[in-house]
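What follows is a short report on a single structure.
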Amino acid sequence: MAEVVAPGFITARRTRTAGRYAVLLLGAVVMVGPFLWMLAASLKTDADIQQVPPSVLPNPFTGTNYGRVLDAFPFWRFLANSVVVSLVSTLLQLTLAATAGYCFARIEFRGRNALFGLYLATMMIPLQVVIVPLFIEMRNLHLVNTYAGLLLPTIVSAFGTFLIRQAFLALPKELDEAAFVDGAGHARVFFQILLPLIAPALATFAVFAFMASWNAFLWPLIITRGSQSHATLPVGLSLLQGQYTTSWNVVMAGAVMSIAPILAFYIFTQRWVIRSLAFTGLKG
Amino acid sequence: MVGVSGWRKAVVVTGFLAPSLIALLAFSLGPMVASAWVSLHEWNLIRPAKFIGLDNFRELWHDDDFHLALQNTLYYLVGYLPLVVAGGLGLAVLLNKRLKGVALFRAMYFLPVITSWVVVSLLWKWLLNPKNGLINTMLGWVGVDGPGWWTSQTWAMPSVILASAWKDLGFVMVILLAGLQAIPHELYEAAAIDGARPWRQFRSVTLPLLTPSLFFVFVISMINGFQVFEQVWVMTDGGPAGSSTVVVEQIVKNTFDYGRAGYASAMSVVLFVIILLFSAVQLRLQKRWVFYG
């Protein structure tokens, strides 16, 4: 650049940039530091974890706490439960949201707007408000402590339906019309022509649904009460705390183990994750 | 619509809509109606339910535990909302600058959002450990004798608030960042030409144009805030001595521990009405401060 700038200006700008990095770094320490503190605790011995003031680095390092978690709890069972429930829930949410979204966006029928309004209205009904009747319903269906019981209440997402309807609406009408002229039915237009075109929206919602399902606590806690056979990782972890009230090294080891899978998922899908949440802001 | 008409269309619509509609009725709208119905009964989930009219609501009106739970839930909102909105706004403004490595910082700030409430609660319980937690140790460095945090009746709610705000900062940040990036750059150039300094630009350009995003974040955080549960359940279990009990925790305990499903449903109904009322007020007030360009 051949600009002529006063040297003082450049120094001021450099100082400002340095200042900004300093603040960003401080933010990173506050947001990531606690995770490192958790990791450090999980590697400390029983004597080390009790020290006042606490040691910064584990002295000595020990991996036994992870073994203790595995001994005390069916960790792999919890992990498998979480994986099964999150995957199936995500798949069903995608299916239902895509079919409903298509119907609301691409087929004109009487009562469409009223019905869509009904879907949107359910976004105002938090799970917390319906847990009692929902639990009773599941009990009457003999679905307490089953995968079906864990899954069913999560399979329909009004938010997902809305998101995917918007994606369908953004596609040009001519696509369907040309296909109909060629003799295609709605099933073919949906599966073969439009669905591939909204892949980004589907991926966005899939990530959103998976993370929500993976981290869910209240419903899994209630529907698996009294038995560990179907508990998911968050529920299992809360049980671990009950057993190891003061052994923070063991509890933190359990916490590390339970976030490791989602962390790996996050590292690979980071852009989608952040986008999917930014999307929720766009609906307002 | 081309190609479909009459009963064929009905079949197509049913085919596409029935699965989600049935699920919606069975697991959301149905239970919502049932919730109102159960709230009119005395029921321990074992013996048959007994109809008692509005007795549950009358009892709620005089129930000290429920009042305390409501108060604490409001206390939570009053502490949590400003922290998370102001903090999220700060981070968003910081990340909106074109600096190298911003994406990495954004990903790091987002980490708590993808972590489950249970992990965040346990993590903060450890950080806020009165004896040798990191926070009290650091307070000790500057000569402050840290409080008992979740073991103290005074500090239990603030502990919950702190953990919650930390977890949700990244969520607010991402939504506000999307809002910031939608502001046309020309407006800043125009403001700069008119001689507006950075702070003035922020007040006169950024803030007004960000109000729709701020409004959204505020309403969502408020609705979520009323439903606060996991953090309390894991960090304090409502204690010590009920000092951090909240509404949803009362609902769960009344249903499953005290055998009072009808009473708990009445609480659910009250909570739902409160959320609706607060949302309606927010929608009303938005005309005063939200700027739709």
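Convention: chains lettered A, B, ... in structure tokens order; per-chain residue numbering from 1; ligands numbered from 1 as shown.
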Worksheet item: Using only C-alpha atoms, which chain A residues lie at most 6 Å away from chain B, written as a PyMOL selection string?
Response: chain A and resi 31+52-54+96+99-100+129-130+133-134+153+156+215+234+255+278+281+284
Identify all residues of segment 37-130 of chain A in helix (DSSP H, G or I) (DSSP on the backbone) and supply them as an mmCIF file with N, CA and C atoms, in the first residue's frame.
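Printed below is out23.cif as written:
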```cif
data_model
loop_
_atom_site.group_PDB
_atom_site.id
_atom_site.type_symbol
_atom_site.label_atom_id
_atom_site.label_comp_id
_atom_site.auth_asym_id
_atom_site.auth_seq_id
_atom_site.Cartn_x
_atom_site.Cartn_y
_atom_site.Cartn_z
ATOM 1 N N TRP A 37 -9.642 -27.035 33.891
ATOM 2 C CA TRP A 37 -9.646 -27.272 35.331
ATOM 3 C C TRP A 37 -10.322 -28.607 35.645
ATOM 4 N N MET A 38 -11.385 -28.890 34.876
ATOM 5 C CA MET A 38 -12.105 -30.160 35.015
ATOM 6 C C MET A 38 -11.205 -31.324 34.627
ATOM 7 N N LEU A 39 -10.503 -31.164 33.497
ATOM 8 C CA LEU A 39 -9.598 -32.216 33.018
ATOM 9 C C LEU A 39 -8.498 -32.476 34.049
ATOM 10 N N ALA A 40 -7.932 -31.379 34.586
ATOM 11 C CA ALA A 40 -6.872 -31.519 35.583
ATOM 12 C C ALA A 40 -7.391 -32.281 36.799
ATOM 13 N N ALA A 41 -8.584 -31.920 37.268
ATOM 14 C CA ALA A 41 -9.149 -32.582 38.455
ATOM 15 C C ALA A 41 -9.324 -34.078 38.214
ATOM 16 N N SER A 42 -9.715 -34.427 36.974
ATOM 17 C CA SER A 42 -9.993 -35.832 36.681
ATOM 18 C C SER A 42 -8.726 -36.682 36.715
ATOM 19 N N ASP A 46 -6.671 -39.120 45.021
ATOM 20 C CA ASP A 46 -7.594 -38.765 46.096
ATOM 21 C C ASP A 46 -6.983 -37.752 47.067
ATOM 22 N N ALA A 47 -5.680 -37.911 47.358
ATOM 23 C CA ALA A 47 -5.027 -36.983 48.286
ATOM 24 C C ALA A 47 -4.865 -35.615 47.631
ATOM 25 N N ASP A 48 -4.476 -35.638 46.357
ATOM 26 C CA ASP A 48 -4.200 -34.402 45.622
ATOM 27 C C ASP A 48 -5.458 -33.541 45.494
ATOM 28 N N ILE A 49 -6.591 -34.192 45.271
ATOM 29 C CA ILE A 49 -7.824 -33.446 45.005
ATOM 30 C C ILE A 49 -8.320 -32.722 46.257
ATOM 31 N N THR A 64 -6.522 -43.475 37.119
ATOM 32 C CA THR A 64 -7.382 -44.472 37.776
ATOM 33 C C THR A 64 -8.831 -44.017 37.915
ATOM 34 N N ASN A 65 -9.048 -42.684 37.976
ATOM 35 C CA ASN A 65 -10.428 -42.213 38.164
ATOM 36 C C ASN A 65 -11.335 -42.663 37.028
ATOM 37 N N TYR A 66 -10.770 -42.730 35.832
ATOM 38 C CA TYR A 66 -11.575 -43.163 34.687
ATOM 39 C C TYR A 66 -11.983 -44.620 34.860
ATOM 40 N N GLY A 67 -11.055 -45.415 35.373
ATOM 41 C CA GLY A 67 -11.373 -46.807 35.653
ATOM 42 C C GLY A 67 -12.450 -46.924 36.725
ATOM 43 N N ARG A 68 -12.374 -46.036 37.733
ATOM 44 C CA ARG A 68 -13.373 -46.075 38.807
ATOM 45 C C ARG A 68 -14.762 -45.740 38.279
ATOM 46 N N VAL A 69 -14.831 -44.808 37.318
ATOM 47 C CA VAL A 69 -16.130 -44.496 36.713
ATOM 48 C C VAL A 69 -16.675 -45.737 36.019
ATOM 49 N N LEU A 70 -15.790 -46.411 35.287
ATOM 50 C CA LEU A 70 -16.228 -47.605 34.551
ATOM 51 C C LEU A 70 -16.670 -48.713 35.510
ATOM 52 N N ASP A 71 -16.005 -48.793 36.676
ATOM 53 C CA ASP A 71 -16.375 -49.814 37.649
ATOM 54 C C ASP A 71 -17.700 -49.492 38.336
ATOM 55 N N ALA A 72 -17.867 -48.214 38.674
ATOM 56 C CA ALA A 72 -19.028 -47.839 39.481
ATOM 57 C C ALA A 72 -20.314 -47.826 38.662
ATOM 58 N N PHE A 75 -21.036 -47.393 32.290
ATOM 59 C CA PHE A 75 -20.820 -46.236 31.420
ATOM 60 C C PHE A 75 -21.128 -46.547 29.966
ATOM 61 N N TRP A 76 -20.636 -47.719 29.485
ATOM 62 C CA TRP A 76 -20.842 -48.033 28.064
ATOM 63 C C TRP A 76 -22.312 -48.179 27.738
ATOM 64 N N ARG A 77 -23.053 -48.709 28.723
ATOM 65 C CA ARG A 77 -24.505 -48.839 28.551
ATOM 66 C C ARG A 77 -25.138 -47.440 28.385
ATOM 67 N N PHE A 78 -24.741 -46.521 29.292
ATOM 68 C CA PHE A 78 -25.276 -45.155 29.198
ATOM 69 C C PHE A 78 -24.920 -44.536 27.853
ATOM 70 N N LEU A 79 -23.664 -44.731 27.456
ATOM 71 C CA LEU A 79 -23.204 -44.168 26.187
ATOM 72 C C LEU A 79 -24.031 -44.721 25.030
ATOM 73 N N ALA A 80 -24.215 -46.064 25.040
ATOM 74 C CA ALA A 80 -24.999 -46.687 23.974
ATOM 75 C C ALA A 80 -26.428 -46.144 23.985
ATOM 76 N N ASN A 81 -27.017 -46.023 25.182
ATOM 77 C CA ASN A 81 -28.373 -45.474 25.278
ATOM 78 C C ASN A 81 -28.442 -44.080 24.666
ATOM 79 N N SER A 82 -27.457 -43.235 25.027
ATOM 80 C CA SER A 82 -27.440 -41.865 24.509
ATOM 81 C C SER A 82 -27.328 -41.861 22.988
ATOM 82 N N VAL A 83 -26.435 -42.705 22.481
ATOM 83 C CA VAL A 83 -26.228 -42.733 21.024
ATOM 84 C C VAL A 83 -27.506 -43.190 20.316
ATOM 85 N N VAL A 84 -28.087 -44.292 20.801
ATOM 86 C CA VAL A 84 -29.305 -44.814 20.160
ATOM 87 C C VAL A 84 -30.426 -43.772 20.204
ATOM 88 N N VAL A 85 -30.668 -43.248 21.405
ATOM 89 C CA VAL A 85 -31.782 -42.308 21.553
ATOM 90 C C VAL A 85 -31.564 -41.061 20.705
ATOM 91 N N SER A 86 -30.345 -40.504 20.731
ATOM 92 C CA SER A 86 -30.100 -39.265 19.977
ATOM 93 C C SER A 86 -30.202 -39.500 18.477
ATOM 94 N N LEU A 87 -29.640 -40.602 17.999
ATOM 95 C CA LEU A 87 -29.674 -40.863 16.561
ATOM 96 C C LEU A 87 -31.098 -41.107 16.066
ATOM 97 N N VAL A 88 -31.817 -41.992 16.755
ATOM 98 C CA VAL A 88 -33.179 -42.308 16.311
ATOM 99 C C VAL A 88 -34.076 -41.076 16.422
ATOM 100 N N SER A 89 -33.934 -40.347 17.528
ATOM 101 C CA SER A 89 -34.739 -39.144 17.706
ATOM 102 C C SER A 89 -34.477 -38.141 16.580
ATOM 103 N N THR A 90 -33.200 -37.950 16.261
ATOM 104 C CA THR A 90 -32.853 -37.005 15.197
ATOM 105 C C THR A 90 -33.448 -37.444 13.862
ATOM 106 N N LEU A 91 -33.330 -38.737 13.586
ATOM 107 C CA LEU A 91 -33.839 -39.270 12.323
ATOM 108 C C LEU A 91 -35.358 -39.072 12.217
ATOM 109 N N LEU A 92 -36.064 -39.387 13.316
ATOM 110 C CA LEU A 92 -37.524 -39.245 13.291
ATOM 111 C C LEU A 92 -37.928 -37.773 13.214
ATOM 112 N N GLN A 93 -37.220 -36.928 13.942
ATOM 113 C CA GLN A 93 -37.538 -35.495 13.880
ATOM 114 C C GLN A 93 -37.362 -34.967 12.471
ATOM 115 N N LEU A 94 -36.278 -35.404 11.820
ATOM 116 C CA LEU A 94 -36.026 -34.972 10.435
ATOM 117 C C LEU A 94 -37.153 -35.438 9.524
ATOM 118 N N THR A 95 -37.533 -36.710 9.653
ATOM 119 C CA THR A 95 -38.569 -37.266 8.789
ATOM 120 C C THR A 95 -39.885 -36.503 8.954
ATOM 121 N N LEU A 96 -40.299 -36.351 10.208
ATOM 122 C CA LEU A 96 -41.592 -35.694 10.441
ATOM 123 C C LEU A 96 -41.552 -34.224 10.036
ATOM 124 N N ALA A 97 -40.441 -33.561 10.330
ATOM 125 C CA ALA A 97 -40.350 -32.140 9.985
ATOM 126 C C ALA A 97 -40.302 -31.960 8.465
ATOM 127 N N ALA A 98 -39.634 -32.871 7.772
ATOM 128 C CA ALA A 98 -39.527 -32.742 6.318
ATOM 129 C C ALA A 98 -40.876 -32.987 5.647
ATOM 130 N N THR A 99 -41.586 -34.039 6.058
ATOM 131 C CA THR A 99 -42.884 -34.311 5.424
ATOM 132 C C THR A 99 -43.872 -33.188 5.729
ATOM 133 N N ALA A 100 -43.946 -32.780 6.999
ATOM 134 C CA ALA A 100 -44.876 -31.712 7.352
ATOM 135 C C ALA A 100 -44.458 -30.402 6.678
ATOM 136 N N GLY A 101 -43.155 -30.123 6.684
ATOM 137 C CA GLY A 101 -42.663 -28.891 6.067
ATOM 138 C C GLY A 101 -43.005 -28.826 4.592
ATOM 139 N N TYR A 102 -42.847 -29.951 3.914
ATOM 140 C CA TYR A 102 -43.191 -30.022 2.491
ATOM 141 C C TYR A 102 -44.671 -29.747 2.292
ATOM 142 N N CYS A 103 -45.488 -30.398 3.100
ATOM 143 C CA CYS A 103 -46.938 -30.267 2.966
ATOM 144 C C CYS A 103 -47.375 -28.804 3.153
ATOM 145 N N PHE A 104 -46.801 -28.148 4.169
ATOM 146 C CA PHE A 104 -47.201 -26.758 4.436
ATOM 147 C C PHE A 104 -46.661 -25.799 3.385
ATOM 148 N N ALA A 105 -45.547 -26.145 2.760
ATOM 149 C CA ALA A 105 -44.927 -25.218 1.812
ATOM 150 C C ALA A 105 -45.417 -25.437 0.385
ATOM 151 N N ARG A 106 -45.691 -26.687 0.004
ATOM 152 C CA ARG A 106 -45.888 -26.984 -1.407
ATOM 153 C C ARG A 106 -47.269 -27.464 -1.786
ATOM 154 N N ARG A 112 -54.969 -24.962 5.832
ATOM 155 C CA ARG A 112 -53.523 -25.079 5.940
ATOM 156 C C ARG A 112 -52.938 -24.096 6.950
ATOM 157 N N ASN A 113 -53.347 -22.833 6.830
ATOM 158 C CA ASN A 113 -52.772 -21.825 7.723
ATOM 159 C C ASN A 113 -53.136 -22.064 9.178
ATOM 160 N N ALA A 114 -54.396 -22.455 9.394
ATOM 161 C CA ALA A 114 -54.834 -22.712 10.766
ATOM 162 C C ALA A 114 -54.013 -23.855 11.362
ATOM 163 N N LEU A 115 -53.819 -24.892 10.579
ATOM 164 C CA LEU A 115 -53.084 -26.062 11.040
ATOM 165 C C LEU A 115 -51.620 -25.702 11.320
ATOM 166 N N PHE A 116 -51.039 -24.901 10.432
ATOM 167 C CA PHE A 116 -49.654 -24.485 10.636
ATOM 168 C C PHE A 116 -49.541 -23.639 11.905
ATOM 169 N N GLY A 117 -50.540 -22.796 12.113
ATOM 170 C CA GLY A 117 -50.588 -21.992 13.344
ATOM 171 C C GLY A 117 -50.585 -22.880 14.582
ATOM 172 N N LEU A 118 -51.318 -23.996 14.487
ATOM 173 C CA LEU A 118 -51.376 -24.950 15.594
ATOM 174 C C LEU A 118 -49.979 -25.515 15.887
ATOM 175 N N TYR A 119 -49.249 -25.859 14.829
ATOM 176 C CA TYR A 119 -47.875 -26.363 14.997
ATOM 177 C C TYR A 119 -47.021 -25.320 15.715
ATOM 178 N N LEU A 120 -47.120 -24.074 15.217
ATOM 179 C CA LEU A 120 -46.293 -23.018 15.810
ATOM 180 C C LEU A 120 -46.659 -22.794 17.275
ATOM 181 N N ALA A 121 -47.960 -22.900 17.566
ATOM 182 C CA ALA A 121 -48.410 -22.655 18.943
ATOM 183 C C ALA A 121 -47.753 -23.630 19.917
ATOM 184 N N THR A 122 -47.472 -24.860 19.451
ATOM 185 C CA THR A 122 -46.877 -25.825 20.378
ATOM 186 C C THR A 122 -45.455 -25.435 20.773
ATOM 187 N N MET A 123 -44.844 -24.505 20.026
ATOM 188 C CA MET A 123 -43.513 -24.043 20.444
ATOM 189 C C MET A 123 -43.602 -23.317 21.783
ATOM 190 N N MET A 124 -44.815 -22.850 22.107
ATOM 191 C CA MET A 124 -45.012 -22.130 23.369
ATOM 192 C C MET A 124 -45.252 -23.080 24.543
ATOM 193 N N LEU A 127 -41.817 -28.447 27.741
ATOM 194 C CA LEU A 127 -41.918 -29.810 28.268
ATOM 195 C C LEU A 127 -42.290 -29.786 29.742
ATOM 196 N N GLN A 128 -41.718 -28.819 30.459
ATOM 197 C CA GLN A 128 -41.928 -28.725 31.899
ATOM 198 C C GLN A 128 -43.403 -28.675 32.269
ATOM 199 N N VAL A 129 -44.206 -28.088 31.357
ATOM 200 C CA VAL A 129 -45.611 -27.900 31.666
ATOM 201 C C VAL A 129 -46.397 -29.188 31.468
ATOM 202 N N VAL A 130 -45.894 -30.090 30.629
ATOM 203 C CA VAL A 130 -46.675 -31.287 30.318
ATOM 204 C C VAL A 130 -46.061 -32.583 30.850
#
```
Worksheet item: Of the candidates B:Leu209, B:Leu283, B:Ala92, B:Ala163, which shows the shortest atom-to-atom distance to Gly27 of chain A, using only C-alpha atoms?
Response: B:Ala92
Fill in: Who sits within 9 Å of Thr245 of chain B, only C-alpha atoms, same chain under 4 positions skipped, as a list of chain:residue names
B:Asp65, B:Phe66, B:Leu68, B:Ala69, B:Leu70, B:Asn72, B:Thr73, B:Met157, B:Val232, B:Trp233, B:Thr236, B:Asp237, B:Gly238, B:Gly239, B:Pro240, B:Ala241, B:Glu249, B:Gln250
Worksheet item: Hey, can you check how far atom CA of Leu210 of chain B sits from atom CA of Arg98 of chain B?
Response: 18.7 Å
Discussion item. So the first atom is atom CA of Ile183 of chain B and the second is atom CA of Pro82 of chain B; what is the distance between them in Å, to one decimal place?
Written reply: 23.4 Å
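With only C-alpha atoms taken into account, the protein and nucleic acid residues at most 10 Å from Thr246 of chain A (excluding it and anything under 3 positions from it in its own chain) are Ile49, Gln50, Gln241, Gly242, Gln243, Asn249, Val250 and Val251 of chain A; Trp126 of chain B.
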Practice prompt. Per DSSP on the backbone, filter segment 19-106 of chain B down to the residues in strand (DSSP E) and report them as a count of residues only.
Written response: 4
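Straight-line separation from atom CA of Leu187 of chain B to atom CA of Thr206 of chain B: 9.3 Å.
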Practice prompt. Write out as a list in words the residues lying within 10 Å of Leu54 of chain B, counting only C-alpha atoms and excluding same-chain residues fewer than 2 positions away.
Written response: Ser39, Leu40, His41, Phe51, Ile52, Asn56, Phe57, Arg58, Glu59 and Ala266 of chain B
Residues as selected, N, CA and C atoms, written as an mmCIF file, in the first residue's frame, can you do that?
```
data_model
loop_
_atom_site.group_PDB
_atom_site.id
_atom_site.type_symbol
_atom_site.label_atom_id
_atom_site.label_comp_id
_atom_site.auth_asym_id
_atom_site.auth_seq_id
_atom_site.Cartn_x
_atom_site.Cartn_y
_atom_site.Cartn_z
ATOM 1 N N SER B 39 -54.974 -31.008 36.894
ATOM 2 C CA SER B 39 -54.802 -29.996 37.936
ATOM 3 C C SER B 39 -56.068 -29.839 38.786
ATOM 4 N N LEU B 40 -57.179 -30.378 38.312
ATOM 5 C CA LEU B 40 -58.429 -30.281 39.070
ATOM 6 C C LEU B 40 -58.657 -31.522 39.942
ATOM 7 N N HIS B 41 -57.612 -32.357 40.068
ATOM 8 C CA HIS B 41 -57.770 -33.609 40.792
ATOM 9 C C HIS B 41 -56.734 -33.768 41.897
ATOM 10 N N PHE B 51 -61.784 -35.890 41.844
ATOM 11 C CA PHE B 51 -62.037 -34.526 41.391
ATOM 12 C C PHE B 51 -62.211 -33.594 42.583
ATOM 13 N N ILE B 52 -61.457 -32.497 42.609
ATOM 14 C CA ILE B 52 -61.577 -31.572 43.745
ATOM 15 C C ILE B 52 -61.744 -30.123 43.288
ATOM 16 N N ASN B 56 -56.712 -27.276 44.370
ATOM 17 C CA ASN B 56 -55.252 -27.221 44.207
ATOM 18 C C ASN B 56 -54.771 -25.778 44.031
ATOM 19 N N PHE B 57 -55.524 -25.006 43.269
ATOM 20 C CA PHE B 57 -55.117 -23.623 43.017
ATOM 21 C C PHE B 57 -55.268 -22.785 44.283
ATOM 22 N N ARG B 58 -56.344 -23.088 45.057
ATOM 23 C CA ARG B 58 -56.518 -22.375 46.330
ATOM 24 C C ARG B 58 -55.344 -22.661 47.247
ATOM 25 N N GLU B 59 -54.926 -23.925 47.267
ATOM 26 C CA GLU B 59 -53.816 -24.301 48.143
ATOM 27 C C GLU B 59 -52.522 -23.608 47.695
ATOM 28 N N ALA B 266 -51.266 -28.369 38.742
ATOM 29 C CA ALA B 266 -51.738 -27.006 38.993
ATOM 30 C C ALA B 266 -50.559 -26.031 38.909
#
```
Fill in: Top pick for closest residue to Phe208 of chain A, considering A:Arg275, A:Arg20, A:Arg225, A:Lys44 and counting only C-alpha atoms
A:Arg275
